[in-house]
file my_file_27.cif (mmCIF, C-alpha atoms)
data_model
loop_
_atom_site.label_atom_id
_atom_site.label_comp_id
_atom_site.auth_asym_id
_atom_site.auth_seq_id
_atom_site.Cartn_x
_atom_site.Cartn_y
_atom_site.Cartn_z
CA MET B 1 4.72 -10.01 9.16
CA TYR B 2 5.92 -6.52 8.25
CA ILE B 3 3.85 -5.11 5.40
CA LYS B 4 5.04 -1.55 4.81
CA ARG B 5 7.13 -0.82 1.75
CA ASN B 6 10.50 -0.93 3.49
CA TYR B 7 12.04 -1.35 6.88
CA SER B 8 13.58 1.99 7.77
CA PHE B 9 17.32 2.08 8.32
CA TRP B 10 16.90 2.77 12.00
CA MET B 11 14.43 -0.08 12.41
CA THR B 12 16.94 -2.39 10.75
CA PHE B 13 19.83 -1.04 12.79
CA ASN B 14 17.95 -1.16 16.08
CA TRP B 15 17.03 -4.80 15.39
CA SER B 16 20.66 -5.73 14.66
CA LYS B 17 22.73 -3.15 16.57
CA LYS B 18 24.39 -5.56 19.01
CA PRO B 19 27.03 -6.84 16.53
CA PHE B 20 27.87 -3.25 15.58
CA ILE B 21 28.32 -2.12 19.19
CA LEU B 22 30.35 -5.15 20.22
CA GLY B 23 32.34 -5.01 16.98
CA PHE B 24 33.17 -1.34 17.59
CA ILE B 25 34.35 -2.02 21.15
CA TYR B 26 36.40 -5.01 20.00
CA SER B 27 37.96 -3.04 17.14
CA MET B 28 38.70 -0.04 19.33
CA VAL B 29 40.60 -2.21 21.80
CA ILE B 30 42.76 -3.60 18.98
CA TYR B 31 43.44 -0.13 17.53
CA LEU B 32 44.35 1.25 20.95
CA LEU B 33 46.81 -1.58 21.54
CA PHE B 34 48.38 -0.99 18.14
CA TYR B 35 48.56 2.79 18.61
CA PHE B 36 49.87 3.07 22.15
CA LEU B 37 51.83 -0.15 22.67
CA LYS B 38 53.17 -0.28 19.14
CA VAL B 39 52.38 -3.98 19.03
CA ASP B 40 52.49 -5.10 15.40
CA ILE B 41 49.39 -7.25 15.22
CA ALA B 42 48.33 -6.31 11.69
CA ILE B 43 47.43 -9.08 9.26
CA PRO B 44 47.51 -8.72 5.44
CA TRP B 45 44.02 -8.05 4.12
CA GLN B 46 44.23 -10.43 1.15
CA PRO B 47 43.75 -13.73 3.03
CA ILE B 48 41.04 -12.15 5.17
CA SER B 49 39.18 -11.01 2.06
CA ILE B 50 39.25 -14.59 0.74
CA ILE B 51 37.63 -15.77 3.98
CA GLY B 52 35.07 -12.99 3.62
CA ILE B 53 34.16 -14.10 0.10
CA ALA B 54 33.69 -17.69 1.28
CA VAL B 55 31.52 -16.54 4.20
CA ALA B 56 29.44 -14.33 1.90
CA PHE B 57 28.78 -17.27 -0.43
CA TYR B 58 27.80 -19.46 2.49
CA LEU B 59 25.47 -16.80 3.93
CA GLY B 60 23.90 -16.48 0.50
CA PHE B 61 23.22 -20.21 0.46
CA LYS B 62 21.71 -20.07 3.95
CA ASN B 63 19.52 -17.06 3.13
CA ASN B 64 18.25 -18.65 -0.08
CA SER B 65 17.38 -21.85 1.75
CA SER B 66 15.65 -19.92 4.54
CA TYR B 67 13.68 -17.89 2.02
CA ASP B 68 12.57 -21.10 0.32
CA ARG B 69 11.07 -22.29 3.62
CA THR B 70 9.16 -19.03 4.05
CA TRP B 71 7.95 -18.98 0.45
CA GLU B 72 6.87 -22.61 0.60
CA ALA B 73 4.88 -21.85 3.76
CA ARG B 74 3.13 -18.97 1.99
CA LYS B 75 2.29 -21.19 -0.99
CA ILE B 76 0.87 -23.83 1.34
CA TRP B 77 -1.42 -21.30 2.96
CA GLY B 78 -2.35 -19.93 -0.44
CA SER B 79 -3.50 -23.45 -1.28
CA ILE B 80 -5.50 -23.56 1.96
CA VAL B 81 -7.21 -20.31 0.96
CA ASN B 82 -8.16 -21.60 -2.48
CA ASN B 83 -9.33 -25.01 -1.30
CA SER B 84 -11.28 -23.50 1.58
CA ARG B 85 -13.22 -21.29 -0.80
CA THR B 86 -13.89 -24.32 -2.99
CA PHE B 87 -15.10 -26.26 0.04
CA GLY B 88 -17.42 -23.42 1.04
CA ALA B 89 -18.87 -23.13 -2.45
CA ALA B 90 -19.32 -26.92 -2.58
CA ALA B 91 -21.07 -27.00 0.79
CA VAL B 92 -23.47 -24.27 -0.30
CA ALA B 93 -24.19 -25.86 -3.71
CA PHE B 94 -24.09 -29.59 -2.97
CA VAL B 95 -26.04 -29.93 0.28
CA GLN B 96 -29.77 -30.12 -0.45
CA GLY B 97 -32.59 -31.37 1.71
CA GLU B 98 -34.52 -30.66 4.86
CA GLY B 99 -32.70 -28.24 7.15
CA ASP B 100 -29.94 -27.77 4.62
CA GLU B 101 -29.19 -24.18 5.68
CA LYS B 102 -28.30 -25.33 9.18
CA ILE B 103 -26.13 -28.14 7.79
CA LYS B 104 -24.26 -25.78 5.47
CA LYS B 105 -23.49 -23.53 8.42
CA GLU B 106 -22.35 -26.52 10.48
CA LEU B 107 -19.92 -27.71 7.79
CA ILE B 108 -18.47 -24.27 7.22
CA TYR B 109 -18.12 -23.54 10.94
CA ARG B 110 -16.36 -26.86 11.48
CA HIS B 111 -13.92 -25.99 8.72
CA ILE B 112 -13.21 -22.65 10.39
CA ALA B 113 -12.60 -24.56 13.62
CA TRP B 114 -9.99 -26.63 11.76
CA LEU B 115 -8.26 -23.43 10.66
CA VAL B 116 -8.29 -22.11 14.22
CA ALA B 117 -6.82 -25.32 15.61
CA LEU B 118 -4.16 -25.51 12.90
CA ARG B 119 -2.92 -21.95 13.32
CA HIS B 120 -2.79 -22.36 17.10
CA GLN B 121 -0.71 -25.50 16.72
CA LEU B 122 1.66 -23.80 14.29
CA ARG B 123 2.24 -20.95 16.77
CA LEU B 124 3.42 -23.25 19.56
CA SER B 125 7.03 -22.61 20.52
CA LYS B 126 9.85 -24.86 19.43
CA GLU B 127 13.23 -24.82 21.14
CA TRP B 128 15.02 -23.70 17.97
CA GLU B 129 12.69 -20.72 17.40
CA HIS B 130 13.07 -17.10 18.56
CA GLN B 131 10.69 -17.24 21.49
CA ARG B 132 11.67 -13.87 22.99
CA GLN B 133 11.04 -11.76 19.90
CA ARG B 134 7.55 -12.74 18.84
CA LEU B 135 5.47 -10.14 17.07
CA ASN B 136 4.46 -7.39 19.50
CA GLU B 137 4.88 -9.97 22.27
CA LEU B 138 1.45 -11.33 21.36
CA TYR B 139 2.69 -14.90 21.45
CA ALA B 140 5.23 -14.64 24.26
CA PRO B 141 6.10 -15.70 26.84
CA THR B 142 3.11 -17.96 27.61
CA VAL B 143 2.09 -19.22 24.18
CA CYS B 144 2.48 -22.85 25.25
CA GLU B 145 0.92 -22.42 28.67
CA ASP B 146 -2.12 -20.60 27.29
CA TYR B 147 -2.55 -22.91 24.32
CA THR B 148 -5.33 -25.14 25.68
CA ASP B 149 -7.47 -22.41 27.23
CA LYS B 150 -7.26 -20.08 24.24
CA LEU B 151 -7.89 -22.85 21.75
CA GLU B 152 -10.94 -24.22 23.56
CA SER B 153 -12.36 -20.72 23.93
CA GLU B 154 -12.08 -20.05 20.20
CA LEU B 155 -13.24 -23.49 19.09
CA SER B 156 -16.39 -23.19 21.21
CA LYS B 157 -17.57 -20.47 18.79
CA TYR B 158 -17.61 -22.91 15.89
CA ILE B 159 -18.24 -26.47 17.08
CA SER B 160 -20.51 -28.03 19.68
CA LYS B 161 -19.59 -29.02 23.21
CA ALA B 162 -19.90 -32.68 22.23
CA GLU B 163 -17.32 -32.24 19.48
CA LEU B 164 -15.05 -30.28 21.80
CA ASP B 165 -15.16 -33.19 24.22
CA ARG B 166 -14.25 -35.59 21.39
CA VAL B 167 -11.08 -33.68 20.51
CA GLU B 168 -10.10 -32.86 24.09
CA GLY B 169 -6.82 -34.46 25.08
CA LYS B 170 -5.93 -35.43 21.52
CA THR B 171 -2.38 -34.84 20.35
CA ASN B 172 -3.41 -33.11 17.12
CA THR B 173 -6.67 -31.22 17.48
CA ALA B 174 -6.80 -30.05 13.85
CA THR B 175 -6.49 -33.62 12.58
CA GLN B 176 -9.35 -34.80 14.80
CA ILE B 177 -11.64 -31.95 13.73
CA MET B 178 -11.10 -32.88 10.08
CA ARG B 179 -11.85 -36.52 10.95
CA ILE B 180 -15.17 -35.43 12.48
CA GLN B 181 -15.86 -33.46 9.30
CA ALA B 182 -15.26 -36.60 7.22
CA GLU B 183 -17.60 -38.65 9.42
CA ARG B 184 -20.31 -36.00 9.20
CA LEU B 185 -20.06 -35.85 5.41
CA GLN B 186 -20.49 -39.61 5.27
CA GLU B 187 -23.60 -39.33 7.45
CA LEU B 188 -25.04 -36.65 5.17
CA LYS B 189 -24.35 -38.76 2.12
CA ASP B 190 -26.14 -41.71 3.75
CA LEU B 191 -29.08 -39.39 4.43
CA ASN B 192 -29.16 -38.45 0.72
CA TYR B 193 -28.18 -34.80 1.14
CA PHE B 194 -25.85 -35.35 -1.83
CA GLU B 195 -24.91 -38.29 -4.06
CA ASP B 196 -21.72 -40.36 -4.34
CA PHE B 197 -20.05 -38.14 -6.90
CA ARG B 198 -20.38 -35.03 -4.77
CA HIS B 199 -19.30 -36.97 -1.70
CA MET B 200 -16.08 -37.89 -3.52
CA GLU B 201 -15.55 -34.23 -4.35
CA PHE B 202 -15.82 -33.41 -0.66
CA HIS B 203 -13.39 -36.21 0.13
CA GLN B 204 -10.83 -34.86 -2.33
CA LEU B 205 -11.03 -31.48 -0.64
CA LEU B 206 -10.51 -33.04 2.80
CA ARG B 207 -7.50 -34.84 1.38
CA SER B 208 -6.04 -31.57 0.15
CA PHE B 209 -6.56 -30.02 3.60
CA TYR B 210 -4.70 -32.90 5.23
CA GLU B 211 -1.90 -32.52 2.69
CA ASP B 212 -1.55 -28.79 3.38
CA GLN B 213 -1.67 -29.40 7.11
CA GLY B 214 1.06 -32.02 6.79
CA LYS B 215 3.23 -29.71 4.70
CA SER B 216 2.85 -26.94 7.28
CA GLU B 217 3.72 -29.32 10.09
CA ARG B 218 6.78 -30.51 8.18
CA ILE B 219 8.16 -26.97 8.10
CA LYS B 220 7.15 -26.30 11.70
CA ASN B 221 8.51 -29.50 13.21
CA PHE B 222 11.67 -29.93 11.13
CA PRO B 223 14.10 -27.06 11.71
CA PHE B 224 16.53 -25.70 9.18
CA PRO B 225 19.38 -28.24 9.50
CA ARG B 226 21.47 -27.22 12.48
CA GLN B 227 24.79 -28.01 10.80
CA TYR B 228 24.11 -25.37 8.13
CA ALA B 229 22.71 -22.80 10.56
CA SER B 230 25.54 -23.26 13.08
CA THR B 231 28.31 -23.22 10.47
CA ALA B 232 27.07 -19.89 9.14
CA VAL B 233 27.27 -18.36 12.62
CA TRP B 234 30.78 -19.62 13.38
CA LEU B 235 32.19 -18.73 9.98
CA THR B 236 30.83 -15.22 10.43
CA PHE B 237 32.49 -15.01 13.85
CA VAL B 238 35.83 -16.18 12.41
CA PHE B 239 35.80 -13.66 9.59
CA CYS B 240 34.68 -10.78 11.79
CA ALA B 241 37.34 -11.58 14.39
CA PHE B 242 40.04 -10.93 11.75
CA VAL B 243 38.50 -7.81 10.21
CA PRO B 244 40.09 -5.21 12.59
CA PHE B 245 43.53 -6.84 12.23
CA GLY B 246 43.27 -6.72 8.44
CA LEU B 247 42.22 -3.08 8.36
CA LEU B 248 45.14 -2.00 10.56
CA ASN B 249 47.47 -2.05 7.55
CA VAL B 250 44.93 -0.03 5.57
CA PHE B 251 44.62 2.77 8.14
CA ASN B 252 48.08 2.60 9.77
CA HIS B 253 49.75 5.03 7.37
CA SER B 254 46.85 7.45 7.25
CA GLU B 255 46.58 10.76 9.03
CA SER B 256 45.83 10.47 12.71
CA TRP B 257 42.13 11.33 12.50
CA ILE B 258 41.61 8.88 9.60
CA TYR B 259 43.34 6.15 11.61
CA TRP B 260 40.63 6.42 14.26
CA ALA B 261 37.96 5.84 11.62
CA GLY B 262 39.29 2.29 11.42
CA PRO B 263 37.27 0.95 14.39
CA PHE B 264 34.07 2.39 12.91
CA ILE B 265 34.73 0.86 9.47
CA SER B 266 35.58 -2.47 11.11
CA ALA B 267 32.37 -2.37 13.14
CA LEU B 268 30.40 -1.54 10.00
CA LEU B 269 31.81 -4.58 8.17
CA ILE B 270 31.11 -6.80 11.17
CA TRP B 271 27.54 -5.47 11.33
CA VAL B 272 26.91 -6.13 7.62
CA PHE B 273 27.94 -9.77 7.84
CA PHE B 274 26.05 -10.45 11.06
CA LEU B 275 22.99 -8.67 9.60
CA MET B 276 23.04 -11.04 6.63
CA GLU B 277 23.33 -14.00 8.98
CA LYS B 278 20.51 -12.74 11.18
CA ILE B 279 18.14 -12.19 8.25
CA GLY B 280 18.59 -15.82 7.24
CA ASP B 281 18.20 -16.92 10.84
CA TYR B 282 14.85 -15.15 11.21
CA SER B 283 13.52 -16.50 7.92
CA GLU B 284 13.99 -20.16 8.84
CA ASN B 285 10.78 -20.53 10.87
CA PRO B 286 7.81 -18.96 9.04
CA PHE B 287 5.22 -19.85 11.70
CA GLU B 288 6.92 -18.61 14.87
CA GLY B 289 5.09 -15.26 15.02
CA THR B 290 7.99 -12.84 14.52
CA TYR B 291 8.48 -9.94 12.14
CA ASN B 292 9.05 -11.89 8.94
CA ASP B 293 6.75 -14.89 9.27
CA VAL B 294 3.64 -15.89 7.31
CA PRO B 295 0.60 -14.06 8.78
CA ILE B 296 -1.54 -17.16 9.23
CA THR B 297 -3.91 -15.46 11.70
CA SER B 298 -4.79 -12.79 9.13
CA ILE B 299 -5.10 -15.39 6.38
CA SER B 300 -7.41 -17.52 8.54
CA ARG B 301 -9.59 -14.50 9.28
CA GLY B 302 -9.84 -13.74 5.56
CA ILE B 303 -10.98 -17.31 4.88
CA GLU B 304 -13.54 -17.09 7.67
CA ILE B 305 -14.98 -13.91 6.22
CA ASP B 306 -15.28 -15.43 2.75
CA LEU B 307 -16.96 -18.62 3.98
CA ARG B 308 -19.41 -16.96 6.33
CA GLU B 309 -20.45 -14.49 3.65
CA MET B 310 -21.28 -17.46 1.41
CA ILE B 311 -24.03 -18.49 3.84
CA ASP B 312 -25.13 -14.90 4.55
CA ASP B 313 -24.08 -15.26 8.17
CA ILE B 314 -24.41 -12.47 10.74
CA ASP B 315 -21.83 -10.87 13.03
CA ILE B 316 -19.03 -11.58 10.58
CA PRO B 317 -15.71 -10.30 11.99
CA SER B 318 -13.74 -7.69 10.12
CA ALA B 319 -10.37 -8.34 8.57
CA ILE B 320 -7.41 -8.06 10.90
CA LYS B 321 -5.83 -4.64 10.53
CA ASP B 322 -2.13 -4.12 10.69
CA GLU B 323 -0.61 -3.07 13.99
CA ASN B 324 2.08 -0.47 13.25
CA GLY B 325 2.81 -2.09 9.92
CA PHE B 326 2.58 -5.70 11.08
CA LEU B 327 0.10 -8.47 10.30
CA LEU B 328 -0.38 -11.37 12.68
#
call {"tool": "encode", "arguments": {"input": "my_file_27.cif", "output": "structure tokens"}}
result
Amino acid sequence: MYIKRNYSFWMTFNWSKKPFILGFIYSMVIYLLFYFLKVDIAIPWQPISIIGIAVAFYLGFKNNSSYDRTWEARKIWGSIVNNSRTFGAAAVAFVQGEGDEKIKKELIYRHIAWLVALRHQLRLSKEWEHQRQRLNELYAPTVCEDYTDKLESELSKYISKAELDRVEGKTNTATQIMRIQAERLQELKDLNYFEDFRHMEFHQLLRSFYEDQGKSERIKNFPFPRQYASTAVWLTFVFCAFVPFGLLNVFNHSESWIYWAGPFISALLIWVFFLMEKIGDYSENPFEGTYNDVPITSISRGIEIDLREMIDDIDIPSAIKDENGFLL
């Protein structure tokens, strides 16, 4: 996720320059044909402008819907932050008995393992995502191939080998880790480390974690409806294909040097519309690891720091710093 105040113009243009370049070439060909061959291919601008208004409204709808997906994802992970802190405080306060310090650490580390597993699962590539433009290429091109090895390596820092073996081969590792957490809390309750009321409080927190996980998976596994995404692309193509023809009448009676500004103006209009479409396109999938996604790795690290400080742990990692203005 980009965190500086603004994208610079050249960053924005470099990210979206292809429509401008192709639009300029396309427009120049049309203007050359009109100028040298005297082929009257101009189209009145009024009907084209009506198409442009319709396309702009549709792109606005798509961008709003895409933004809603991103904002919902951020709210979900805000809930995970809040509930994780509550869980950590509850583990520290509720668990009492022989060897309670070790048990508190075990519960908190297992919760961190759940966060690790969940964020790894949310970074897995989907066929509708932008796999070639992941943030700083940190997740491409082998995010799927490296998934198992990287996940097991990280989980081994937080849970035992026996628990790793229990979740190995499972379809949803995060779900299984939370199940183990539930079983362990029941064992601790049976051993009188806390009473029924506090056990129910723990259970409510586990329920909230499952709910947030499910909400995240809903966004990850259900793409922005393809009919809306595809229609926005093709409508933009249709409008932009007519732009140079419509501007011919505008620049045809101008002085010669102004006439040749027509291809540049056409390319600029084409770039603006495709830029709007591309912004919506890259906001649809907030967990894919590109420039505008939710920085779940940084959020998870912040939760880990908070929880481990609650138990006065050692070797606590530092917060993830931005890389050239980006958070992971």
call {"tool": "closest_atom_pairs", "arguments": {"input": "my_file_27.cif", "of": "region 100-204 of chain B", "to": "region 75-93 of chain B", "cutoff": "9 Å", "atoms": "all atoms listed in the file", "output": "CSV"}}
result
residue,atom,partner,partner_atom,distance
B:Asp100,CA,B:Val92,CA,8.8
B:Glu101,CA,B:Val92,CA,8.3
B:Ile103,CA,B:Ala91,CA,8.7
B:Lys104,CA,B:Ala91,CA,5.8
B:Lys105,CA,B:Ala91,CA,8.7
B:Leu107,CA,B:Ala91,CA,7.1
B:Ile108,CA,B:Gly88,CA,6.3
B:His111,CA,B:Ser84,CA,8.0
B:Arg198,CA,B:Ala90,CA,8.5
B:Glu201,CA,B:Ala90,CA,8.4
B:Phe202,CA,B:Phe87,CA,7.2
call {"tool": "resolve_selection", "arguments": {"input": "my_file_27.cif", "expression": "the PyMOL selection byres ((chain B and resi 116-124) around 7)", "output": "list in words"}}
result
Ile112, Ala113, Trp114, Leu115, Ser125, Lys126, Val143, Cys144, Leu151, Thr173, Ala174, Lys220, Phe287, Glu288, Gly289, Ile296 and Thr297 of chain B
call {"tool": "resolve_selection", "arguments": {"input": "my_file_27.cif", "expression": "the PyMOL selection byres ((chain B and resi 209) around 9)", "output": "PDB file with C-alpha atoms, in the coordinates of the input"}}
result
ATOM      1  CA  SER B  79      -3.500 -23.450  -1.280  1.00  0.00           C
ATOM      2  CA  ILE B  80      -5.500 -23.560   1.960  1.00  0.00           C
ATOM      3  CA  ASN B  83      -9.330 -25.010  -1.300  1.00  0.00           C
ATOM      4  CA  SER B  84     -11.280 -23.500   1.580  1.00  0.00           C
ATOM      5  CA  MET B 178     -11.100 -32.880  10.080  1.00  0.00           C
ATOM      6  CA  GLN B 204     -10.830 -34.860  -2.330  1.00  0.00           C
ATOM      7  CA  LEU B 205     -11.030 -31.480  -0.640  1.00  0.00           C
ATOM      8  CA  LEU B 206     -10.510 -33.040   2.800  1.00  0.00           C
ATOM      9  CA  ARG B 207      -7.500 -34.840   1.380  1.00  0.00           C
ATOM     10  CA  SER B 208      -6.040 -31.570   0.150  1.00  0.00           C
ATOM     11  CA  TYR B 210      -4.700 -32.900   5.230  1.00  0.00           C
ATOM     12  CA  GLU B 211      -1.900 -32.520   2.690  1.00  0.00           C
ATOM     13  CA  ASP B 212      -1.550 -28.790   3.380  1.00  0.00           C
ATOM     14  CA  GLN B 213      -1.670 -29.400   7.110  1.00  0.00           C
ATOM     15  CA  GLY B 214       1.060 -32.020   6.790  1.00  0.00           C
TER      16      GLY B 214
END
call {"tool": "resolve_selection", "arguments": {"input": "my_file_27.cif", "expression": "the PyMOL selection byres ((chain B and resi 70) around 8)", "output": "PyMOL selection string"}}
result
chain B and resi 66-69+71-74+283-286+293-294
call {"tool": "atom_distance", "arguments": {"input": "my_file_27.cif", "atom1": "CA of Asn14 (chain B)", "atom2": "CA of Phe245 (chain B)"}}
result
26.5 Å
call {"tool": "atom_distance", "arguments": {"input": "my_file_27.cif", "atom1": "CA of Ile50 (chain B)", "atom2": "CA of Leu268 (chain B)"}}
result
18.3 Å
call {"tool": "closest_residue", "arguments": {"input": "my_file_27.cif", "among": "B:Ile3, B:Ile270, B:Ile314, B:Ile25", "to": "Val243 (chain B)", "atoms": "only C-alpha atoms"}}
result
B:Ile270
